[in-house]
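A.B. asks: Sending over structure_23.pdb (PDB, C-alpha atoms and all ligand atoms).
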MODEL        1
ATOM      1  CA  MET A 443       0.000   0.000   0.000
ATOM      2  CA  MET A 444       1.257   3.486  -0.789
ATOM      3  CA  TYR A 445       1.709   6.312   1.746
ATOM      4  CA  GLY A 446      -0.897   9.099   1.842
ATOM      5  CA  PHE A 447      -0.553  12.287  -0.224
ATOM      6  CA  SER A 448      -2.494  15.395  -1.249
ATOM      7  CA  PHE A 449      -3.745  15.525  -4.834
ATOM      8  CA  HIS A 450      -3.863  18.756  -6.868
ATOM      9  CA  ARG A 451      -5.453  19.501 -10.223
ATOM     10  CA  PRO A 452      -4.160  22.970 -11.182
ATOM     11  CA  LYS A 453      -5.852  24.989 -13.937
ATOM     12  CA  SER A 454      -2.710  26.288 -15.616
ATOM     13  CA  LEU A 455       1.019  25.726 -15.954
ATOM     14  CA  ALA A 456       1.682  28.723 -13.713
ATOM     15  CA  GLU A 457      -0.614  27.333 -11.001
ATOM     16  CA  ALA A 458       1.093  23.900 -11.237
ATOM     17  CA  ALA A 459       4.518  25.476 -10.699
ATOM     18  CA  ASP A 460       3.122  27.564  -7.838
ATOM     19  CA  VAL A 461       1.622  24.541  -6.041
ATOM     20  CA  PHE A 462       4.951  22.739  -6.514
ATOM     21  CA  ALA A 463       6.912  25.640  -5.010
ATOM     22  CA  ARG A 464       4.690  25.779  -1.907
ATOM     23  CA  ALA A 465       4.447  22.030  -1.136
ATOM     24  CA  ASP A 466       6.727  20.000   1.162
ATOM     25  CA  ASP A 467       7.941  17.180  -1.078
ATOM     26  CA  PRO A 468       5.844  17.396  -4.231
ATOM     27  CA  THR A 469       5.998  15.603  -7.561
ATOM     28  CA  TYR A 470       4.162  15.937 -10.855
ATOM     29  CA  VAL A 471       2.082  13.082 -12.247
ATOM     30  CA  SER A 472       1.184  12.520 -15.900
ATOM     31  CA  GLY A 473       0.139   8.985 -16.900
ATOM     32  CA  GLY A 474       1.398   7.591 -13.591
ATOM     33  CA  HIS A 475       2.779   4.476 -15.287
ATOM     34  CA  SER A 476       6.265   4.956 -13.903
ATOM     35  CA  LEU A 477       5.470   6.989 -10.795
ATOM     36  CA  LEU A 478       2.594   4.966  -9.302
ATOM     37  CA  PRO A 479       4.466   1.614  -9.292
ATOM     38  CA  THR A 480       7.301   3.270  -7.342
ATOM     39  CA  MET A 481       4.775   4.771  -4.901
ATOM     40  CA  LYS A 482       2.993   1.428  -4.507
ATOM     41  CA  SER A 483       6.282  -0.261  -3.664
ATOM     42  CA  ARG A 484       7.062   2.631  -1.288
ATOM     43  CA  LEU A 485      10.205   3.628  -3.171
ATOM     44  CA  ALA A 486       8.660   7.095  -3.527
ATOM     45  CA  ALA A 487       6.504   8.877  -0.969
ATOM     46  CA  PRO A 488       5.699  12.388  -2.255
ATOM     47  CA  SER A 489       3.656  14.649   0.019
ATOM     48  CA  ASP A 490       1.744  16.154  -2.943
ATOM     49  CA  LEU A 491       0.863  14.884  -6.427
ATOM     50  CA  ILE A 492       0.263  17.594  -9.020
ATOM     51  CA  ALA A 493      -1.623  16.378 -12.108
ATOM     52  CA  LEU A 494      -0.475  17.712 -15.485
ATOM     53  CA  THR A 495      -2.159  15.852 -18.329
ATOM     54  CA  HIS A 496      -5.272  18.088 -18.532
ATOM     55  CA  LEU A 497      -3.275  21.350 -18.775
ATOM     56  CA  PRO A 498      -3.930  23.217 -22.049
ATOM     57  CA  GLU A 499      -0.238  24.135 -22.449
ATOM     58  CA  LEU A 500       0.722  20.437 -22.736
ATOM     59  CA  GLN A 501      -1.717  19.394 -25.492
ATOM     60  CA  GLY A 502      -1.592  18.948 -29.242
ATOM     61  CA  ILE A 503       0.394  17.562 -32.144
ATOM     62  CA  THR A 504       1.179  20.193 -34.787
ATOM     63  CA  ARG A 505       3.540  20.855 -37.652
ATOM     64  CA  ASP A 506       5.596  24.040 -37.586
ATOM     65  CA  GLY A 507       7.589  24.277 -40.835
ATOM     66  CA  ASP A 508      10.142  21.488 -40.783
ATOM     67  CA  ARG A 509       9.375  20.434 -37.199
ATOM     68  CA  VAL A 510       6.705  18.296 -35.543
ATOM     69  CA  ILE A 511       5.705  19.617 -32.114
ATOM     70  CA  ILE A 512       4.229  17.085 -29.704
ATOM     71  CA  GLY A 513       2.621  18.259 -26.458
ATOM     72  CA  ALA A 514       4.058  16.622 -23.345
ATOM     73  CA  ALA A 515       0.665  15.227 -22.288
ATOM     74  CA  GLN A 516       0.157  13.300 -25.518
ATOM     75  CA  THR A 517      -0.172   9.601 -24.777
ATOM     76  CA  HIS A 518       1.910   7.019 -26.605
ATOM     77  CA  ALA A 519      -1.295   5.827 -28.344
ATOM     78  CA  SER A 520      -2.119   9.329 -29.588
ATOM     79  CA  VAL A 521       1.398   9.786 -31.020
ATOM     80  CA  ALA A 522       1.214   6.357 -32.689
ATOM     81  CA  SER A 523      -2.136   7.144 -34.346
ATOM     82  CA  ALA A 524      -1.530  10.782 -35.368
ATOM     83  CA  ALA A 525      -1.601  11.059 -39.182
ATOM     84  CA  LEU A 526       0.792  13.997 -38.975
ATOM     85  CA  VAL A 527       3.434  11.921 -37.151
ATOM     86  CA  GLN A 528       2.825   8.880 -39.351
ATOM     87  CA  ASP A 529       3.470  11.028 -42.460
ATOM     88  CA  ALA A 530       6.432  13.130 -41.297
ATOM     89  CA  LEU A 531       8.095  10.742 -38.835
ATOM     90  CA  PRO A 532       6.772   7.215 -39.424
ATOM     91  CA  ALA A 533       9.527   5.587 -37.348
ATOM     92  CA  LEU A 534       8.541   7.759 -34.358
ATOM     93  CA  ALA A 535       4.846   6.877 -34.695
ATOM     94  CA  GLN A 536       5.724   3.190 -34.844
ATOM     95  CA  LEU A 537       8.127   3.516 -31.903
ATOM     96  CA  ALA A 538       5.248   4.957 -29.835
ATOM     97  CA  GLY A 539       3.075   2.030 -30.907
ATOM     98  CA  SER A 540       5.704  -0.437 -29.653
ATOM     99  CA  ILE A 541       5.711   0.861 -26.066
ATOM    100  CA  GLY A 542       4.387  -1.512 -23.388
ATOM    101  CA  ASP A 543       0.825  -2.749 -23.789
ATOM    102  CA  MET A 544      -2.475  -1.075 -24.630
ATOM    103  CA  GLN A 545      -3.053   0.172 -21.067
ATOM    104  CA  VAL A 546       0.430   1.724 -20.874
ATOM    105  CA  ARG A 547       0.042   3.339 -24.301
ATOM    106  CA  HIS A 548      -3.295   4.929 -23.403
ATOM    107  CA  ARG A 549      -2.120   6.419 -20.094
ATOM    108  CA  GLY A 550       1.640   6.949 -20.424
ATOM    109  CA  THR A 551       2.804  10.234 -21.947
ATOM    110  CA  ILE A 552       5.798  11.362 -23.959
ATOM    111  CA  GLY A 553       6.563  14.073 -21.381
ATOM    112  CA  GLY A 554       6.447  11.593 -18.497
ATOM    113  CA  SER A 555       8.708   9.167 -20.329
ATOM    114  CA  LEU A 556      11.295  11.867 -21.059
ATOM    115  CA  ALA A 557      11.188  13.282 -17.529
ATOM    116  CA  ASN A 558      11.663   9.785 -16.145
ATOM    117  CA  ASN A 559      14.504   8.848 -18.572
ATOM    118  CA  ASP A 560      14.408   5.124 -17.857
ATOM    119  CA  PRO A 561      17.546   3.564 -19.448
ATOM    120  CA  ALA A 562      15.302   1.064 -21.277
ATOM    121  CA  ALA A 563      12.675   3.566 -22.499
ATOM    122  CA  ASP A 564      12.047   4.069 -26.219
ATOM    123  CA  TYR A 565      11.495   7.831 -26.689
ATOM    124  CA  PRO A 566      14.953   8.959 -25.456
ATOM    125  CA  SER A 567      16.591   7.281 -28.473
ATOM    126  CA  ALA A 568      14.335   9.115 -30.953
ATOM    127  CA  VAL A 569      14.779  12.438 -29.173
ATOM    128  CA  LEU A 570      18.580  12.091 -29.154
ATOM    129  CA  ALA A 571      18.954  10.743 -32.718
ATOM    130  CA  LEU A 572      16.624  13.354 -34.188
ATOM    131  CA  GLY A 573      18.281  16.189 -32.256
ATOM    132  CA  ALA A 574      14.915  17.233 -30.829
ATOM    133  CA  THR A 575      14.330  20.126 -28.452
ATOM    134  CA  ILE A 576      12.682  19.663 -25.052
ATOM    135  CA  VAL A 577      10.451  22.673 -24.371
ATOM    136  CA  THR A 578       9.816  23.325 -20.678
ATOM    137  CA  SER A 579       7.938  25.781 -18.499
ATOM    138  CA  THR A 580      11.057  27.967 -18.387
ATOM    139  CA  ARG A 581      13.333  27.245 -21.402
ATOM    140  CA  GLU A 582      14.264  25.066 -24.369
ATOM    141  CA  ILE A 583      16.846  22.276 -23.990
ATOM    142  CA  HIS A 584      18.538  20.570 -26.946
ATOM    143  CA  ALA A 585      18.591  16.765 -26.748
ATOM    144  CA  ASP A 586      22.407  16.788 -26.598
ATOM    145  CA  ASP A 587      22.210  18.722 -23.310
ATOM    146  CA  TYR A 588      19.180  16.966 -21.831
ATOM    147  CA  PHE A 589      20.007  13.332 -20.942
ATOM    148  CA  ASP A 590      22.236  13.070 -17.898
ATOM    149  CA  GLY A 591      22.613   9.354 -17.145
ATOM    150  CA  MET A 592      20.141   6.809 -15.787
ATOM    151  CA  PHE A 593      16.882   8.387 -14.620
ATOM    152  CA  ALA A 594      18.629  11.779 -14.665
ATOM    153  CA  THR A 595      18.020  14.787 -16.915
ATOM    154  CA  ALA A 596      18.816  18.485 -17.154
ATOM    155  CA  LEU A 597      15.382  19.323 -15.692
ATOM    156  CA  GLU A 598      15.564  21.486 -12.612
ATOM    157  CA  LEU A 599      13.380  20.999  -9.549
ATOM    158  CA  GLY A 600       9.816  21.998 -10.424
ATOM    159  CA  GLU A 601      10.493  22.433 -14.165
ATOM    160  CA  ILE A 602       7.716  21.040 -16.378
ATOM    161  CA  ILE A 603       8.151  19.600 -19.893
ATOM    162  CA  THR A 604       5.458  21.196 -22.060
ATOM    163  CA  ALA A 605       6.375  19.895 -25.545
ATOM    164  CA  ILE A 606       8.994  18.207 -27.672
ATOM    165  CA  ALA A 607       9.971  19.700 -31.050
ATOM    166  CA  PHE A 608      11.229  17.100 -33.531
ATOM    167  CA  PRO A 609      13.060  18.252 -36.686
ATOM    168  CA  ILE A 610      11.810  16.224 -39.664
ATOM    169  CA  PRO A 611      14.738  14.147 -41.037
ATOM    170  CA  LYS A 612      15.260  12.897 -44.594
ATOM    171  CA  SER A 613      14.580   9.435 -43.172
ATOM    172  CA  ALA A 614      14.730   7.545 -39.885
ATOM    173  CA  GLY A 615      14.417   3.977 -38.653
ATOM    174  CA  TYR A 616      14.066   2.286 -35.265
ATOM    175  CA  ALA A 617      14.959  -1.298 -34.390
ATOM    176  CA  LYS A 618      14.247  -2.797 -30.984
ATOM    177  CA  MET A 619      14.850  -6.082 -29.208
ATOM    178  CA  ARG A 620      12.062  -6.211 -26.633
ATOM    179  CA  ASN A 621      11.769  -7.767 -23.250
ATOM    180  CA  PRO A 622       8.869 -10.094 -24.074
ATOM    181  CA  ALA A 623       7.044  -9.332 -20.798
ATOM    182  CA  SER A 624       7.323  -5.541 -20.412
ATOM    183  CA  ARG A 625       8.196  -4.605 -24.043
ATOM    184  CA  TYR A 626      10.946  -2.310 -22.679
ATOM    185  CA  ALA A 627      14.063  -2.338 -24.878
ATOM    186  CA  LEU A 628      16.812  -4.826 -24.054
ATOM    187  CA  ALA A 629      18.633  -2.878 -26.746
ATOM    188  CA  ALA A 630      17.332  -0.581 -29.463
ATOM    189  CA  SER A 631      18.758   1.822 -32.005
ATOM    190  CA  PHE A 632      17.246   4.898 -33.642
ATOM    191  CA  VAL A 633      19.079   6.001 -36.803
ATOM    192  CA  ALA A 634      18.212   9.384 -38.348
ATOM    193  CA  LYS A 635      19.561  10.767 -41.603
ATOM    194  CA  THR A 636      19.419  14.501 -42.252
ATOM    195  CA  GLU A 637      20.754  16.598 -45.168
ATOM    196  CA  ASP A 638      24.235  16.769 -43.694
ATOM    197  CA  ALA A 639      24.574  14.168 -40.932
ATOM    198  CA  VAL A 640      23.628  10.782 -39.536
ATOM    199  CA  ARG A 641      22.809  10.391 -35.850
ATOM    200  CA  VAL A 642      22.582   7.049 -34.054
ATOM    201  CA  ALA A 643      21.166   6.732 -30.525
ATOM    202  CA  ILE A 644      21.144   3.513 -28.506
ATOM    203  CA  THR A 645      18.717   2.855 -25.650
ATOM    204  CA  GLY A 646      18.179  -0.123 -23.343
ATOM    205  CA  ALA A 647      21.827  -1.141 -23.424
ATOM    206  CA  GLY A 648      24.066   1.583 -21.991
ATOM    207  CA  SER A 649      24.987   1.527 -18.297
ATOM    208  CA  ASP A 650      24.652   5.318 -18.348
ATOM    209  CA  GLY A 651      21.317   5.420 -20.194
ATOM    210  CA  VAL A 652      20.733   6.528 -23.780
ATOM    211  CA  PHE A 653      23.861   7.445 -25.774
ATOM    212  CA  ARG A 654      25.041   8.339 -29.277
ATOM    213  CA  TRP A 655      27.206   5.795 -31.073
ATOM    214  CA  SER A 656      29.686   8.155 -32.699
ATOM    215  CA  ALA A 657      31.746   5.508 -34.574
ATOM    216  CA  ALA A 658      28.571   4.299 -36.302
ATOM    217  CA  GLU A 659      27.557   7.886 -37.102
ATOM    218  CA  LYS A 660      30.922   8.488 -38.755
ATOM    219  CA  ALA A 661      30.808   5.269 -40.793
ATOM    220  CA  LEU A 662      27.212   5.874 -41.911
ATOM    221  CA  GLY A 663      27.962   9.516 -42.659
ATOM    222  CA  ALA A 664      30.569   8.310 -45.175
ATOM    223  CA  SER A 665      28.332   5.593 -46.632
ATOM    224  CA  PHE A 666      24.702   5.182 -45.580
ATOM    225  CA  ASP A 667      24.658   1.406 -45.873
ATOM    226  CA  SER A 668      24.548  -1.183 -43.082
ATOM    227  CA  ALA A 669      27.671  -2.763 -44.654
ATOM    228  CA  ALA A 670      29.544   0.327 -43.453
ATOM    229  CA  LEU A 671      28.984  -0.930 -39.874
ATOM    230  CA  ALA A 672      30.890  -4.183 -40.450
ATOM    231  CA  GLY A 673      33.783  -4.422 -38.029
ATOM    232  CA  LEU A 674      32.355  -1.828 -35.626
ATOM    233  CA  ALA A 675      31.540  -3.024 -32.115
ATOM    234  CA  LEU A 676      30.396  -1.478 -28.861
ATOM    235  CA  SER A 677      32.368  -2.234 -25.708
ATOM    236  CA  ALA A 678      30.620  -4.513 -23.213
ATOM    237  CA  ASP A 679      32.330  -2.485 -20.454
ATOM    238  CA  ASP A 680      29.812   0.336 -21.017
ATOM    239  CA  MET A 681      26.710  -1.877 -21.153
ATOM    240  CA  LEU A 682      24.078  -2.936 -18.640
ATOM    241  CA  GLY A 683      23.937  -6.548 -17.586
ATOM    242  CA  ASP A 684      21.041  -8.203 -15.733
ATOM    243  CA  MET A 685      18.994 -11.410 -15.582
ATOM    244  CA  HIS A 686      17.472 -10.579 -18.997
ATOM    245  CA  ALA A 687      20.674 -10.023 -20.989
ATOM    246  CA  ASP A 688      24.328  -9.719 -20.042
ATOM    247  CA  ALA A 689      26.535  -6.826 -21.112
ATOM    248  CA  SER A 690      28.227  -8.511 -24.081
ATOM    249  CA  TYR A 691      24.881  -9.723 -25.452
ATOM    250  CA  ARG A 692      23.478  -6.191 -25.155
ATOM    251  CA  ALA A 693      26.530  -4.750 -26.964
ATOM    252  CA  HIS A 694      25.973  -7.276 -29.757
ATOM    253  CA  LEU A 695      22.215  -6.587 -29.898
ATOM    254  CA  ALA A 696      22.723  -2.812 -30.088
ATOM    255  CA  ALA A 697      24.969  -3.240 -33.141
ATOM    256  CA  ILE A 698      22.474  -5.587 -34.840
ATOM    257  CA  CYS A 699      19.628  -3.150 -34.102
ATOM    258  CA  THR A 700      21.654  -0.337 -35.701
ATOM    259  CA  GLN A 701      22.134  -2.394 -38.890
ATOM    260  CA  ARG A 702      18.402  -3.170 -39.034
ATOM    261  CA  ALA A 703      17.449   0.459 -38.420
ATOM    262  CA  VAL A 704      19.622   1.470 -41.407
ATOM    263  CA  ASP A 705      18.216  -1.293 -43.613
ATOM    264  CA  ASN A 706      14.619  -0.459 -42.667
ATOM    265  CA  GLN A 707      14.436   3.331 -42.816
ATOM    266  CA  GLY A 708      10.923   4.699 -42.469
ATOM    267  CA  ARG A 709       9.738   2.038 -40.093
ATOM    268  CA  LEU A 710      10.074   0.041 -36.895
ATOM    269  CA  THR A 711      11.834  -3.324 -36.859
ATOM    270  CA  LEU A 712      11.097  -5.624 -33.927
ATOM    271  CA  LEU A 713      13.691  -8.309 -33.249
TER     272      LEU A 713
HETATM  273  C1  LIG A 801       4.004  -2.599 -17.688
HETATM  274  C2  LIG A 801       4.744  -1.411 -18.259
HETATM  275  C3  LIG A 801       5.412  -1.570 -19.474
HETATM  276  C4  LIG A 801       6.116  -0.478 -20.020
HETATM  277  N1  LIG A 801       6.771  -0.665 -21.190
HETATM  278  C5  LIG A 801       7.473   0.388 -21.721
HETATM  279  C6  LIG A 801       8.162   0.247 -22.976
HETATM  280  O1  LIG A 801       8.136  -0.773 -23.637
HETATM  281  N2  LIG A 801       8.853   1.339 -23.416
HETATM  282  C7  LIG A 801       8.875   2.533 -22.748
HETATM  283  O2  LIG A 801       9.514   3.483 -23.211
HETATM  284  N3  LIG A 801       8.207   2.702 -21.592
HETATM  285  C8  LIG A 801       7.505   1.656 -21.068
HETATM  286  N4  LIG A 801       6.813   1.839 -19.894
HETATM  287  C9  LIG A 801       6.837   3.162 -19.226
HETATM  288  C10 LIG A 801       5.708   4.034 -19.759
HETATM  289  O3  LIG A 801       6.026   4.425 -21.083
HETATM  290  C11 LIG A 801       5.452   5.288 -18.896
HETATM  291  O4  LIG A 801       4.278   5.824 -19.385
HETATM  292  C12 LIG A 801       6.499   6.377 -18.932
HETATM  293  O5  LIG A 801       7.748   5.917 -18.543
HETATM  294  C13 LIG A 801       6.176   7.504 -17.980
HETATM  295  O6  LIG A 801       5.156   8.284 -18.483
HETATM  296  P1  LIG A 801       3.952   8.722 -17.551
HETATM  297  O7  LIG A 801       3.177   9.731 -18.319
HETATM  298  O8  LIG A 801       3.233   7.516 -17.096
HETATM  299  O9  LIG A 801       4.731   9.450 -16.359
HETATM  300  P2  LIG A 801       4.474   9.434 -14.784
HETATM  301  O10 LIG A 801       4.611   8.046 -14.252
HETATM  302  O11 LIG A 801       3.245  10.172 -14.439
HETATM  303  O12 LIG A 801       5.733  10.309 -14.300
HETATM  304  C14 LIG A 801       7.044   9.815 -14.424
HETATM  305  C15 LIG A 801       8.023  10.869 -13.850
HETATM  306  O13 LIG A 801       8.058  12.012 -14.704
HETATM  307  C16 LIG A 801       7.634  13.188 -14.015
HETATM  308  N5  LIG A 801       6.807  13.924 -14.981
HETATM  309  C17 LIG A 801       5.694  13.463 -15.622
HETATM  310  N6  LIG A 801       5.287  14.342 -16.546
HETATM  311  C18 LIG A 801       6.152  15.403 -16.497
HETATM  312  C19 LIG A 801       6.265  16.625 -17.217
HETATM  313  N7  LIG A 801       5.412  16.946 -18.220
HETATM  314  N8  LIG A 801       7.261  17.484 -16.880
HETATM  315  C20 LIG A 801       8.146  17.169 -15.898
HETATM  316  N9  LIG A 801       8.090  16.023 -15.188
HETATM  317  C21 LIG A 801       7.109  15.140 -15.486
HETATM  318  C22 LIG A 801       6.889  12.712 -12.774
HETATM  319  O14 LIG A 801       6.997  13.615 -11.716
HETATM  320  C23 LIG A 801       7.618  11.401 -12.485
HETATM  321  O15 LIG A 801       8.799  11.660 -11.765
HETATM  322  C24 LIG A 801       6.114   0.782 -19.335
HETATM  323  C25 LIG A 801       5.404   0.923 -18.128
HETATM  324  C26 LIG A 801       4.727  -0.157 -17.592
HETATM  325  C27 LIG A 801       3.971   0.049 -16.319
ENDMDL
END
Represent the structure from my file as structure tokens, please.
Ligand SMILES: Cc1cc2nc3c(=O)[nH]c(=O)nc-3n(C[C@H](O)[C@H](O)[C@H](O)COP(=O)(O)OP(=O)(O)OC[C@H]3O[C@@H](n4cnc5c(N)ncnc54)[C@H](O)[C@@H]3O)c2cc1C

C.D. replies:
Amino acid sequence: MMYGFSFHRPKSLAEAADVFARADDPTYVSGGHSLLPTMKSRLAAPSDLIALTHLPELQGITRDGDRVIIGAAQTHASVASAALVQDALPALAQLAGSIGDMQVRHRGTIGGSLANNDPAADYPSAVLALGATIVTSTREIHADDYFDGMFATALELGEIITAIAFPIPKSAGYAKMRNPASRYALAASFVAKTEDAVRVAITGAGSDGVFRWSAAEKALGASFDSAALAGLALSADDMLGDMHADASYRAHLAAICTQRAVDNQGRLTLL
């Protein structure tokens, strides 16, 4: 059973930040699919829960020139089914559709996932590979400056993610080896090709959370063909190891996922 808490449903972003500033040990809640399990197991015991998903500032999926802007409160299911995302960023729509199960996809949000920054979560790889911008209640943070290790980000205390702005690439692909029970990534790779660069982001595998694989980026920048990855390997020293997959297996899987993501641009590949 979880500890008691006060529940707040603010009417605006400003009110949410104000309630946060005045409470003892508050936390925001979006879909609750990461937060509530930790509260139920008593690993978290916030004094105040401040709900965000109904706030007008966190809604919507729009196109702004060469960027797709996704409101932080959009559920994984709504991103997966948005025609705008399917057209401009099909690999991102399909990534969202691969998260967890139907219940998780209809409650969990993109903002909650990025604030949580689970090392096995899917969205961080797309955000990092696409060079997206995290828009918050106070500023804009480029993906390269946002992820700060496992479950850690550049967000400051009380800062709220309001949207994520994704530049539209020439093409992108995502390949994921799933844990068959949770569907979290054991290893996954998002490969994005823009006019002048290739970016590769690996999730699920790194002992420090999501990371860019710079050797693969360089090889693919010279020749955008999975054959260019032959001979490249990730070090097992930097990988996670657990009962589901040891570090050397994860290093191997991450490289295979990268090859598949190159071969299957424009879509999701499930291994
Ligand atoms: C069974 C199961 C399977 C899952 N499988 C996958 C999977 O395959 N892939 C995957 O990526 N994820 C998976 N998840 C996680 C899921 O995607 C969660 O929805 C997500 O991690 C958190 O989103 P949320 O909206 O539920 O956030 P919440 O649980 O509400 O919040 C998570 C954290 O983020 C903070 N927060 C929430 N919203 C904001 C915001 N807008 N600004 C600032 N801080 C905020 C909260 O304070 C909290 O600390 C799974 C979860 C479960 C329960």

A.B. asks: Enter the distance from CA of Ala562 in chain A to CA of Ala627 in chain A, in Å, rounded to one decimal.

C.D. replies: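 So the answer is 5.1 Å.
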
A.B. asks: Between atom C5 of ligand LIG 801 (chain A) and CA of Leu500 in chain A, what is the distance in Å, rounded to a tenth?

C.D. replies: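 Computed distance, atom C5 of ligand LIG 801 (chain A) to CA of Leu500 in chain A, equals 21.2 Å.
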
A.B. asks: Compile the contact shell of range 533-541 of chain A as a list in words: residues with an atom at most 8 Å away, counting only C-alpha atoms, same-chain residues fewer than 5 positions apart removed.

C.D. replies: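 That gives His518, Ala519, Val521, Ala522, Ser523, Ala524, Val527, Gln528, Val546, Arg547, Asp564, Tyr565, Ala568, Ala614, Gly615, Tyr616, Arg625, Tyr626, Gln707, Gly708, Arg709 and Leu710 of chain A.
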
A.B. asks: Taking C-alpha atoms for each residue, export the selection above as a JSON list (two decimals), keeping the file's coordinate frame.

C.D. replies:
[["chain", "number", "residue", "atom", "x", "y", "z"],
["A", 518, "HIS", "CA", 1.91, 7.02, -26.60],
["A", 519, "ALA", "CA", -1.30, 5.83, -28.34],
["A", 521, "VAL", "CA", 1.40, 9.79, -31.02],
["A", 522, "ALA", "CA", 1.21, 6.36, -32.69],
["A", 523, "SER", "CA", -2.14, 7.14, -34.35],
["A", 524, "ALA", "CA", -1.53, 10.78, -35.37],
["A", 527, "VAL", "CA", 3.43, 11.92, -37.15],
["A", 528, "GLN", "CA", 2.82, 8.88, -39.35],
["A", 546, "VAL", "CA", 0.43, 1.72, -20.87],
["A", 547, "ARG", "CA", 0.04, 3.34, -24.30],
["A", 564, "ASP", "CA", 12.05, 4.07, -26.22],
["A", 565, "TYR", "CA", 11.50, 7.83, -26.69],
["A", 568, "ALA", "CA", 14.34, 9.12, -30.95],
["A", 614, "ALA", "CA", 14.73, 7.54, -39.88],
["A", 615, "GLY", "CA", 14.42, 3.98, -38.65],
["A", 616, "TYR", "CA", 14.07, 2.29, -35.26],
["A", 625, "ARG", "CA", 8.20, -4.61, -24.04],
["A", 626, "TYR", "CA", 10.95, -2.31, -22.68],
["A", 707, "GLN", "CA", 14.44, 3.33, -42.82],
["A", 708, "GLY", "CA", 10.92, 4.70, -42.47],
["A", 709, "ARG", "CA", 9.74, 2.04, -40.09],
["A", 710, "LEU", "CA", 10.07, 0.04, -36.90]]

A.B. asks: Pull out every residue that the PyMOL selection byres (((chain A and resi 591) around 9) and not hetatm) matches in the shown coordinates and put them as a ChimeraX atom specification.

C.D. replies: /A:559,561,589-590,592-595,649-653

A.B. asks: Name every residue that the PyMOL selection byres (((not hetatm)) within 7 of (chain A and resi 801)) selects in this structure, writing the answer as a VMD selection string with chains first and numbers rising.

C.D. replies: chain A and resid 469 to 478 494 514 to 515 540 to 543 546 to 547 549 to 555 557 to 558 560 562 to 565 601 to 604 624 to 627

A.B. asks: Could you please give me, as a ChimeraX atom specification, the residues of protein, DNA or RNA lying at most 9 Å from (20.5, -3.4, -23.8) in the coordinate frame of the file, considering all atoms listed in the file?

C.D. replies: /A:561-562,619,627-630,644-649,681-683,687-689,691-696

A.B. asks: Atoms to include: C-alpha atoms. Write the selected residues as an mmCIF file, in the coordinates of the input.

C.D. replies:
data_model
loop_
_atom_site.group_PDB
_atom_site.id
_atom_site.type_symbol
_atom_site.label_atom_id
_atom_site.label_comp_id
_atom_site.auth_asym_id
_atom_site.auth_seq_id
_atom_site.Cartn_x
_atom_site.Cartn_y
_atom_site.Cartn_z
ATOM 1 C CA PRO A 561 17.546 3.564 -19.448
ATOM 2 C CA ALA A 562 15.302 1.064 -21.277
ATOM 3 C CA MET A 619 14.850 -6.082 -29.208
ATOM 4 C CA ALA A 627 14.063 -2.338 -24.878
ATOM 5 C CA LEU A 628 16.812 -4.826 -24.054
ATOM 6 C CA ALA A 629 18.633 -2.878 -26.746
ATOM 7 C CA ALA A 630 17.332 -0.581 -29.463
ATOM 8 C CA ILE A 644 21.144 3.513 -28.506
ATOM 9 C CA THR A 645 18.717 2.855 -25.650
ATOM 10 C CA GLY A 646 18.179 -0.123 -23.343
ATOM 11 C CA ALA A 647 21.827 -1.141 -23.424
ATOM 12 C CA GLY A 648 24.066 1.583 -21.991
ATOM 13 C CA SER A 649 24.987 1.527 -18.297
ATOM 14 C CA MET A 681 26.710 -1.877 -21.153
ATOM 15 C CA LEU A 682 24.078 -2.936 -18.640
ATOM 16 C CA GLY A 683 23.937 -6.548 -17.586
ATOM 17 C CA ALA A 687 20.674 -10.023 -20.989
ATOM 18 C CA ASP A 688 24.328 -9.719 -20.042
ATOM 19 C CA ALA A 689 26.535 -6.826 -21.112
ATOM 20 C CA TYR A 691 24.881 -9.723 -25.452
ATOM 21 C CA ARG A 692 23.478 -6.191 -25.155
ATOM 22 C CA ALA A 693 26.530 -4.750 -26.964
ATOM 23 C CA HIS A 694 25.973 -7.276 -29.757
ATOM 24 C CA LEU A 695 22.215 -6.587 -29.898
ATOM 25 C CA ALA A 696 22.723 -2.812 -30.088
#

A.B. asks: I'd like the neighbourhood of Leu713 in chain A as a PyMOL selection string, where a residue qualifies if any of its atoms comes within 8 Å (using all atoms listed in the file), though same-chain residues fewer than 2 positions away should be ignored.

C.D. replies: chain A and resi 617-620+699+711

A.B. asks: Using all atoms of range 662-677 of chain A listed in the file and a margin of 8 Å per side, can you give the axis-aligned box centre and edge lengths in Å to one decimal, as lines of an AutoDock Vina configuration file?

C.D. replies:
center_x = 29.2
center_y = 2.5
center_z = -36.2
size_x = 25.2
size_y = 29.9
size_z = 36.9

A.B. asks: Which one of A:Ile512, A:Gly663, A:Val569, A:Tyr588 sits closest to Phe632 in chain A if you count only C-alpha atoms?

C.D. replies: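 Result for the nearest residue to Phe632 in chain A: A:Val569.
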
A.B. asks: For Phe449 in chain A, find every residue with an atom within 10 Å (counting only C-alpha atoms), except residues of its own chain fewer than 2 positions away, and show them as a list in words.

C.D. replies: Gly446, Phe447, Arg451, Pro452, Pro468, Tyr470, Val471, Ser489, Asp490, Leu491, Ile492 and Ala493 of chain A

A.B. asks: Would you mind reading off the distance between CA of Ser579 in chain A and CA of Arg509 in chain A, one decimal, in Å?

C.D. replies: 19.5 Å

A.B. asks: With all atoms listed in the file as the atoms that count, which of A:Ala605, A:Arg641, A:Ala675, A:Leu485 lies nearest to Gly502 in chain A?

C.D. replies: A:Ala605

A.B. asks: Which residue is closest to Glu637 in chain A? Choose from A:Ile610, A:Ala574, A:Leu556, A:Ile583 and count all atoms listed in the file.

C.D. replies: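 Of all the options, A:Ile610 lies closest to Glu637 in chain A.
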